[in-house]
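K.L.:
See target_36.pdb below, with PDB, C-alpha atoms.
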ATOM      1  CA  MET A 190       6.531   4.732  26.651  1.00  0.00           C
ATOM      2  CA  ILE A 191       8.012   8.160  27.172  1.00  0.00           C
ATOM      3  CA  CYS A 192       5.833  11.153  26.470  1.00  0.00           C
ATOM      4  CA  LEU A 193       7.945  14.104  25.334  1.00  0.00           C
ATOM      5  CA  CYS A 194       5.979  17.253  26.104  1.00  0.00           C
ATOM      6  CA  ALA A 195       6.266  20.736  27.557  1.00  0.00           C
ATOM      7  CA  ALA A 196       4.583  22.212  30.620  1.00  0.00           C
ATOM      8  CA  TRP A 197       3.348  25.201  28.606  1.00  0.00           C
ATOM      9  CA  CYS A 198       1.560  22.959  26.079  1.00  0.00           C
ATOM     10  CA  GLY A 199      -2.168  22.850  26.797  1.00  0.00           C
ATOM     11  CA  VAL A 200      -2.654  19.708  24.695  1.00  0.00           C
ATOM     12  CA  CYS A 201       0.027  17.936  26.743  1.00  0.00           C
ATOM     13  CA  ARG A 202      -1.506  19.029  30.039  1.00  0.00           C
ATOM     14  CA  ASP A 203      -4.942  17.919  28.881  1.00  0.00           C
ATOM     15  CA  TRP A 204      -3.566  14.546  27.754  1.00  0.00           C
ATOM     16  CA  GLN A 205      -1.673  13.733  30.949  1.00  0.00           C
ATOM     17  CA  PRO A 206      -4.727  12.383  32.874  1.00  0.00           C
ATOM     18  CA  ALA A 207      -5.511   9.993  30.006  1.00  0.00           C
ATOM     19  CA  LEU A 208      -1.932   8.735  30.126  1.00  0.00           C
ATOM     20  CA  ARG A 209      -2.243   8.174  33.865  1.00  0.00           C
ATOM     21  CA  GLU A 210      -5.384   6.131  33.278  1.00  0.00           C
ATOM     22  CA  MET A 211      -3.621   4.119  30.602  1.00  0.00           C
ATOM     23  CA  GLN A 212      -0.726   3.532  32.961  1.00  0.00           C
ATOM     24  CA  SER A 213      -3.130   2.246  35.618  1.00  0.00           C
ATOM     25  CA  ALA A 214      -4.765  -0.056  33.087  1.00  0.00           C
ATOM     26  CA  ARG A 215      -1.406  -1.327  31.778  1.00  0.00           C
ATOM     27  CA  PRO A 216       0.831  -2.094  34.772  1.00  0.00           C
ATOM     28  CA  ASP A 217       2.900  -4.306  32.454  1.00  0.00           C
ATOM     29  CA  LEU A 218       4.180  -1.161  30.723  1.00  0.00           C
ATOM     30  CA  ARG A 219       6.310   1.658  32.062  1.00  0.00           C
ATOM     31  CA  PHE A 220       5.199   5.216  31.343  1.00  0.00           C
ATOM     32  CA  ALA A 221       7.231   8.392  31.792  1.00  0.00           C
ATOM     33  CA  TRP A 222       6.675  12.091  31.205  1.00  0.00           C
ATOM     34  CA  ILE A 223       9.654  14.180  30.112  1.00  0.00           C
ATOM     35  CA  ASP A 224       9.387  17.947  29.838  1.00  0.00           C
ATOM     36  CA  VAL A 225      11.644  18.657  26.874  1.00  0.00           C
ATOM     37  CA  GLU A 226      12.463  22.149  28.095  1.00  0.00           C
ATOM     38  CA  ASP A 227      13.433  20.997  31.587  1.00  0.00           C
ATOM     39  CA  GLU A 228      15.618  18.261  30.103  1.00  0.00           C
ATOM     40  CA  ASP A 229      17.129  20.155  27.175  1.00  0.00           C
ATOM     41  CA  GLU A 230      20.600  18.700  27.835  1.00  0.00           C
ATOM     42  CA  ALA A 231      19.301  15.129  27.642  1.00  0.00           C
ATOM     43  CA  MET A 232      17.278  15.984  24.544  1.00  0.00           C
ATOM     44  CA  GLY A 233      20.492  16.931  22.763  1.00  0.00           C
ATOM     45  CA  ASP A 234      19.936  17.982  19.153  1.00  0.00           C
ATOM     46  CA  VAL A 235      16.530  16.290  18.966  1.00  0.00           C
ATOM     47  CA  ASP A 236      13.985  18.967  18.172  1.00  0.00           C
ATOM     48  CA  ILE A 237      10.392  18.150  19.046  1.00  0.00           C
ATOM     49  CA  GLU A 238       8.196  20.060  16.624  1.00  0.00           C
ATOM     50  CA  THR A 239       4.773  18.586  17.433  1.00  0.00           C
ATOM     51  CA  PHE A 240       3.294  17.798  20.830  1.00  0.00           C
ATOM     52  CA  PRO A 241       2.674  15.233  22.071  1.00  0.00           C
ATOM     53  CA  THR A 242       5.572  13.165  20.787  1.00  0.00           C
ATOM     54  CA  VAL A 243       6.314   9.729  22.190  1.00  0.00           C
ATOM     55  CA  LEU A 244       9.360   7.516  22.340  1.00  0.00           C
ATOM     56  CA  ILE A 245       8.482   3.850  22.703  1.00  0.00           C
ATOM     57  CA  ALA A 246      11.115   1.254  23.496  1.00  0.00           C
ATOM     58  CA  ARG A 247      11.241  -2.427  24.296  1.00  0.00           C
ATOM     59  CA  ASP A 248      14.165  -4.251  25.852  1.00  0.00           C
ATOM     60  CA  GLY A 249      16.321  -1.146  25.527  1.00  0.00           C
ATOM     61  CA  GLN A 250      15.622  -0.715  21.810  1.00  0.00           C
ATOM     62  CA  ALA A 251      13.783   2.307  20.439  1.00  0.00           C
ATOM     63  CA  ARG A 252      10.837   1.130  18.368  1.00  0.00           C
ATOM     64  CA  PHE A 253       8.970   4.373  17.711  1.00  0.00           C
ATOM     65  CA  LEU A 254       9.707   8.085  17.950  1.00  0.00           C
ATOM     66  CA  GLY A 255       7.229  10.565  16.617  1.00  0.00           C
ATOM     67  CA  PRO A 256       4.189  12.712  17.190  1.00  0.00           C
ATOM     68  CA  VAL A 257       0.891  11.082  18.061  1.00  0.00           C
ATOM     69  CA  ALA A 258      -2.646  12.356  18.241  1.00  0.00           C
ATOM     70  CA  PRO A 259      -3.591  13.088  21.842  1.00  0.00           C
ATOM     71  CA  SER A 260      -5.851  10.050  21.939  1.00  0.00           C
ATOM     72  CA  ALA A 261      -5.584   7.274  24.492  1.00  0.00           C
ATOM     73  CA  LYS A 262      -7.306   4.941  22.024  1.00  0.00           C
ATOM     74  CA  GLY A 263      -4.783   5.756  19.287  1.00  0.00           C
ATOM     75  CA  LEU A 264      -1.809   5.336  21.611  1.00  0.00           C
ATOM     76  CA  ALA A 265      -3.218   2.050  22.909  1.00  0.00           C
ATOM     77  CA  ALA A 266      -3.501   0.817  19.312  1.00  0.00           C
ATOM     78  CA  LEU A 267       0.097   1.834  18.581  1.00  0.00           C
ATOM     79  CA  LEU A 268       1.342   0.074  21.725  1.00  0.00           C
ATOM     80  CA  ALA A 269      -0.674  -3.045  20.903  1.00  0.00           C
ATOM     81  CA  SER A 270       0.728  -3.067  17.373  1.00  0.00           C
ATOM     82  CA  LEU A 271       4.285  -2.876  18.661  1.00  0.00           C
ATOM     83  CA  GLN A 272       3.657  -5.550  21.291  1.00  0.00           C
ATOM     84  CA  ALA A 273       2.130  -7.889  18.718  1.00  0.00           C
ATOM     85  CA  ARG A 274       5.380  -7.778  16.761  1.00  0.00           C
ATOM     86  CA  PRO A 275       8.117  -7.846  19.452  1.00  0.00           C
ATOM     87  CA  GLY A 276      11.033  -7.565  17.042  1.00  0.00           C
ATOM     88  CA  ALA A 277       9.424  -5.060  14.704  1.00  0.00           C
ATOM     89  CA  GLN A 278       9.174  -1.314  14.676  1.00  0.00           C
ATOM     90  CA  ALA A 279       6.168   0.814  13.887  1.00  0.00           C
ATOM     91  CA  ALA A 280       5.118   1.293  10.274  1.00  0.00           C
ATOM     92  CA  ALA A 281       7.423   4.307   9.871  1.00  0.00           C
ATOM     93  CA  PRO A 282      11.177   3.854  10.237  1.00  0.00           C
ATOM     94  CA  VAL A 283      12.571   4.739  13.643  1.00  0.00           C
ATOM     95  CA  PRO A 284      14.572   7.978  13.329  1.00  0.00           C
ATOM     96  CA  ALA A 285      18.317   7.597  13.822  1.00  0.00           C
ATOM     97  CA  GLU A 286      18.245   9.902  16.853  1.00  0.00           C
ATOM     98  CA  ALA A 287      15.761   7.681  18.744  1.00  0.00           C
ATOM     99  CA  GLN A 288      18.262   5.197  20.194  1.00  0.00           C
ATOM    100  CA  PRO A 289      20.786   7.815  21.411  1.00  0.00           C
ATOM    101  CA  LEU A 290      17.900   9.829  22.871  1.00  0.00           C
ATOM    102  CA  LEU A 291      16.650   6.764  24.727  1.00  0.00           C
ATOM    103  CA  GLY A 292      20.130   6.306  26.180  1.00  0.00           C
ATOM    104  CA  ARG A 293      20.274   9.917  27.374  1.00  0.00           C
ATOM    105  CA  LEU A 294      16.779   9.778  28.875  1.00  0.00           C
ATOM    106  CA  ALA A 295      17.189   6.403  30.605  1.00  0.00           C
ATOM    107  CA  PRO A 296      18.770   7.886  33.771  1.00  0.00           C
ATOM    108  CA  LEU A 297      15.819  10.284  34.094  1.00  0.00           C
ATOM    109  CA  LEU A 298      13.019   7.742  33.832  1.00  0.00           C
ATOM    110  CA  ALA A 299      12.789   6.820  37.509  1.00  0.00           C
ATOM    111  CA  ARG A 300      11.918  10.395  38.434  1.00  0.00           C
ATOM    112  CA  ALA A 301       9.840  11.014  35.323  1.00  0.00           C
ATOM    113  CA  ALA A 302       7.022   8.604  36.115  1.00  0.00           C
ATOM    114  CA  LEU A 303       3.534   9.933  35.439  1.00  0.00           C
TER
END
Would you mind writing the file out in C-alpha coordinates?

P.N.:
Amino acid sequence: MICLCAAWCGVCRDWQPALREMQSARPDLRFAWIDVEDEDEAMGDVDIETFPTVLIARDGQARFLGPVAPSAKGLAALLASLQARPGAQAAAPVPAEAQPLLGRLAPLLARAAL
(Lines of atoms letter the chains of each structure in order from A and count residues from 1; the text may use other names and numbers.)
(Lines give C-alpha, C1' and ligand atoms only; values in the text may rest on other atoms or scores of the structure.)
Protein backbone atom coordinates (compact mmCIF):
# COMPACT_ATOMS: atom_id res chain seq x y z
CA MET A 1 0.00 0.00 0.00
CA ILE A 2 1.61 3.21 -1.16
CA CYS A 3 0.16 6.46 0.07
CA LEU A 4 0.69 9.21 -2.50
CA CYS A 5 0.59 12.51 -0.65
CA ALA A 6 2.32 15.86 -0.30
CA ALA A 7 4.10 17.35 2.70
CA TRP A 8 2.08 20.56 2.42
CA CYS A 9 -1.24 18.67 2.64
CA GLY A 10 -2.70 18.95 6.14
CA VAL A 11 -5.04 16.00 5.57
CA CYS A 12 -2.07 13.83 4.60
CA ARG A 13 -0.05 14.91 7.63
CA ASP A 14 -3.01 14.25 9.91
CA TRP A 15 -3.56 10.81 8.36
CA GLN A 16 0.04 9.62 8.62
CA PRO A 17 -0.18 8.52 12.30
CA ALA A 18 -3.24 6.39 11.51
CA LEU A 19 -1.32 4.74 8.69
CA ARG A 20 1.55 4.01 11.06
CA GLU A 21 -0.87 2.37 13.47
CA MET A 22 -2.34 0.32 10.65
CA GLN A 23 1.14 -0.71 9.60
CA SER A 24 1.89 -1.86 13.15
CA ALA A 25 -1.36 -3.83 13.25
CA ARG A 26 -0.74 -5.40 9.81
CA PRO A 27 2.89 -6.57 9.67
CA ASP A 28 1.86 -8.87 6.81
CA LEU A 29 1.46 -5.80 4.59
CA ARG A 30 4.04 -3.32 3.38
CA PHE A 31 3.22 0.38 3.68
CA ALA A 32 5.04 3.28 2.04
CA TRP A 33 4.65 7.04 1.94
CA ILE A 34 5.60 8.84 -1.27
CA ASP A 35 5.63 12.62 -1.44
CA VAL A 36 4.48 13.23 -5.01
CA GLU A 37 6.32 16.54 -5.23
CA ASP A 38 9.62 15.09 -4.02
CA GLU A 39 9.29 12.21 -6.48
CA ASP A 40 7.89 14.08 -9.48
CA GLU A 41 10.18 12.21 -11.90
CA ALA A 42 8.93 8.83 -10.70
CA MET A 43 5.34 10.07 -10.80
CA GLY A 44 5.72 10.74 -14.51
CA ASP A 45 2.54 12.04 -16.12
CA VAL A 46 0.34 10.76 -13.30
CA ASP A 47 -1.43 13.74 -11.80
CA ILE A 48 -2.76 13.29 -8.28
CA GLU A 49 -5.76 15.56 -7.93
CA THR A 50 -7.13 14.44 -4.54
CA PHE A 51 -5.20 13.64 -1.38
CA PRO A 52 -4.79 11.10 -0.01
CA THR A 53 -4.49 8.79 -3.00
CA VAL A 54 -3.28 5.22 -2.62
CA LEU A 55 -1.73 2.68 -4.92
CA ILE A 56 -2.30 -0.88 -3.75
CA ALA A 57 -0.48 -3.80 -5.33
CA ARG A 58 -0.14 -7.51 -4.76
CA ASP A 59 2.55 -9.73 -6.20
CA GLY A 60 3.80 -6.87 -8.37
CA GLN A 61 0.37 -6.17 -9.88
CA ALA A 62 -1.44 -2.89 -9.31
CA ARG A 63 -4.90 -3.61 -7.94
CA PHE A 64 -6.12 -0.15 -6.96
CA LEU A 65 -5.12 3.44 -7.68
CA GLY A 66 -7.32 6.25 -6.52
CA PRO A 67 -8.28 8.69 -3.82
CA VAL A 68 -9.54 7.40 -0.50
CA ALA A 69 -11.19 9.05 2.45
CA PRO A 70 -8.64 9.69 5.19
CA SER A 71 -10.12 6.92 7.31
CA ALA A 72 -8.15 4.00 8.68
CA LYS A 73 -11.39 2.01 8.89
CA GLY A 74 -12.20 2.69 5.23
CA LEU A 75 -8.68 1.81 4.08
CA ALA A 76 -8.73 -1.36 6.18
CA ALA A 77 -12.00 -2.36 4.49
CA LEU A 78 -10.53 -1.72 1.04
CA LEU A 79 -7.43 -3.77 1.86
CA ALA A 80 -9.55 -6.59 3.28
CA SER A 81 -11.71 -6.58 0.16
CA LEU A 82 -8.68 -6.86 -2.09
CA GLN A 83 -7.12 -9.59 0.06
CA ALA A 84 -10.35 -11.60 0.05
CA ARG A 85 -10.18 -11.75 -3.74
CA PRO A 86 -6.46 -12.27 -4.51
CA GLY A 87 -6.83 -12.19 -8.28
CA ALA A 88 -9.38 -9.39 -8.41
CA GLN A 89 -9.14 -5.65 -8.46
CA ALA A 90 -11.21 -3.16 -6.54
CA ALA A 91 -14.73 -2.37 -7.70
CA ALA A 92 -13.48 0.39 -10.03
CA PRO A 93 -11.17 -0.51 -12.91
CA VAL A 94 -7.49 0.03 -12.23
CA PRO A 95 -6.31 3.04 -14.27
CA ALA A 96 -3.89 2.21 -17.08
CA GLU A 97 -1.16 4.34 -15.48
CA ALA A 98 -1.19 2.31 -12.23
CA GLN A 99 1.11 -0.51 -13.34
CA PRO A 100 3.79 1.74 -14.93
CA LEU A 101 3.63 3.98 -11.85
CA LEU A 102 4.16 0.98 -9.59
CA GLY A 103 7.22 0.06 -11.64
CA ARG A 104 8.68 3.56 -11.33
CA LEU A 105 8.00 3.73 -7.59
CA ALA A 106 9.30 0.24 -6.75
CA PRO A 107 12.95 1.37 -6.40
CA LEU A 108 11.86 4.06 -3.92
CA LEU A 109 9.83 1.87 -1.59
CA ALA A 110 12.66 0.78 0.71
CA ARG A 111 13.34 4.38 1.71
CA ALA A 112 9.68 5.39 1.67
CA ALA A 113 8.54 3.28 4.60
CA LEU A 114 6.21 5.02 7.03

K.L.:
I'd like the residues picked by the PyMOL selection byres ((chain A and resi 290-293) around 9) written out as a PDB file with C-alpha atoms, in the coordinates of the input, using the chain letters and numbers from the file.

P.N.:
ATOM      1  CA  GLU A 230      20.600  18.700  27.835  1.00  0.00           C
ATOM      2  CA  ALA A 231      19.301  15.129  27.642  1.00  0.00           C
ATOM      3  CA  MET A 232      17.278  15.984  24.544  1.00  0.00           C
ATOM      4  CA  GLY A 233      20.492  16.931  22.763  1.00  0.00           C
ATOM      5  CA  VAL A 235      16.530  16.290  18.966  1.00  0.00           C
ATOM      6  CA  LEU A 244       9.360   7.516  22.340  1.00  0.00           C
ATOM      7  CA  ILE A 245       8.482   3.850  22.703  1.00  0.00           C
ATOM      8  CA  ALA A 246      11.115   1.254  23.496  1.00  0.00           C
ATOM      9  CA  GLY A 249      16.321  -1.146  25.527  1.00  0.00           C
ATOM     10  CA  GLN A 250      15.622  -0.715  21.810  1.00  0.00           C
ATOM     11  CA  ALA A 251      13.783   2.307  20.439  1.00  0.00           C
ATOM     12  CA  GLU A 286      18.245   9.902  16.853  1.00  0.00           C
ATOM     13  CA  ALA A 287      15.761   7.681  18.744  1.00  0.00           C
ATOM     14  CA  GLN A 288      18.262   5.197  20.194  1.00  0.00           C
ATOM     15  CA  PRO A 289      20.786   7.815  21.411  1.00  0.00           C
ATOM     16  CA  LEU A 294      16.779   9.778  28.875  1.00  0.00           C
ATOM     17  CA  ALA A 295      17.189   6.403  30.605  1.00  0.00           C
ATOM     18  CA  PRO A 296      18.770   7.886  33.771  1.00  0.00           C
ATOM     19  CA  LEU A 297      15.819  10.284  34.094  1.00  0.00           C
TER      20      LEU A 297
END

K.L.:
Do you have the atom CA of Gly255 of chain A-atom CA of Leu193 of chain A distance handy?

P.N.:
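Here the two named atoms are 9.4 Å from each other.
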
K.L.:
Please determine an axis-aligned box that encloses all atoms of segment 256-270 of chain A listed in the file, with 4 Å added on each side, and express its centre and edge lengths in Å to one decimal as JSON.

P.N.:
{"center_x": -1.6, "center_y": 5.0, "center_z": 20.8, "size_x": 19.5, "size_y": 24.2, "size_z": 15.3}

K.L.:
Would you mind listing what lies within 12 Å of Leu268 of chain A as a PDB file with C-alpha atoms, in the coordinates of the input, with only C-alpha atoms counted and same-chain residues fewer than 6 positions away left out?

P.N.:
ATOM      1  CA  MET A 190       6.531   4.732  26.651  1.00  0.00           C
ATOM      2  CA  ILE A 191       8.012   8.160  27.172  1.00  0.00           C
ATOM      3  CA  MET A 211      -3.621   4.119  30.602  1.00  0.00           C
ATOM      4  CA  GLN A 212      -0.726   3.532  32.961  1.00  0.00           C
ATOM      5  CA  ARG A 215      -1.406  -1.327  31.778  1.00  0.00           C
ATOM      6  CA  ASP A 217       2.900  -4.306  32.454  1.00  0.00           C
ATOM      7  CA  LEU A 218       4.180  -1.161  30.723  1.00  0.00           C
ATOM      8  CA  ARG A 219       6.310   1.658  32.062  1.00  0.00           C
ATOM      9  CA  PHE A 220       5.199   5.216  31.343  1.00  0.00           C
ATOM     10  CA  VAL A 243       6.314   9.729  22.190  1.00  0.00           C
ATOM     11  CA  LEU A 244       9.360   7.516  22.340  1.00  0.00           C
ATOM     12  CA  ILE A 245       8.482   3.850  22.703  1.00  0.00           C
ATOM     13  CA  ALA A 246      11.115   1.254  23.496  1.00  0.00           C
ATOM     14  CA  ARG A 247      11.241  -2.427  24.296  1.00  0.00           C
ATOM     15  CA  ARG A 252      10.837   1.130  18.368  1.00  0.00           C
ATOM     16  CA  PHE A 253       8.970   4.373  17.711  1.00  0.00           C
ATOM     17  CA  VAL A 257       0.891  11.082  18.061  1.00  0.00           C
ATOM     18  CA  ALA A 261      -5.584   7.274  24.492  1.00  0.00           C
ATOM     19  CA  LYS A 262      -7.306   4.941  22.024  1.00  0.00           C
ATOM     20  CA  ARG A 274       5.380  -7.778  16.761  1.00  0.00           C
ATOM     21  CA  PRO A 275       8.117  -7.846  19.452  1.00  0.00           C
ATOM     22  CA  ALA A 277       9.424  -5.060  14.704  1.00  0.00           C
ATOM     23  CA  GLN A 278       9.174  -1.314  14.676  1.00  0.00           C
ATOM     24  CA  ALA A 279       6.168   0.814  13.887  1.00  0.00           C
TER      25      ALA A 279
END

K.L.:
Nearest residue to Glu238 of chain A out of A:Ala273, A:Leu298, A:Val225, A:Ala266, using all atoms listed in the file?

P.N.:
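For Glu238 of chain A, the nearest of the candidates is A:Val225.
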
K.L.:
For a quick check of understanding, using only C-alpha atoms, which of A:Ala221, A:Ala207, A:Ala214, A:Ala299 has the smallest distance to Ser260 of chain A?

P.N.:
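Selected residue with least distance to Ser260 of chain A: A:Ala207.
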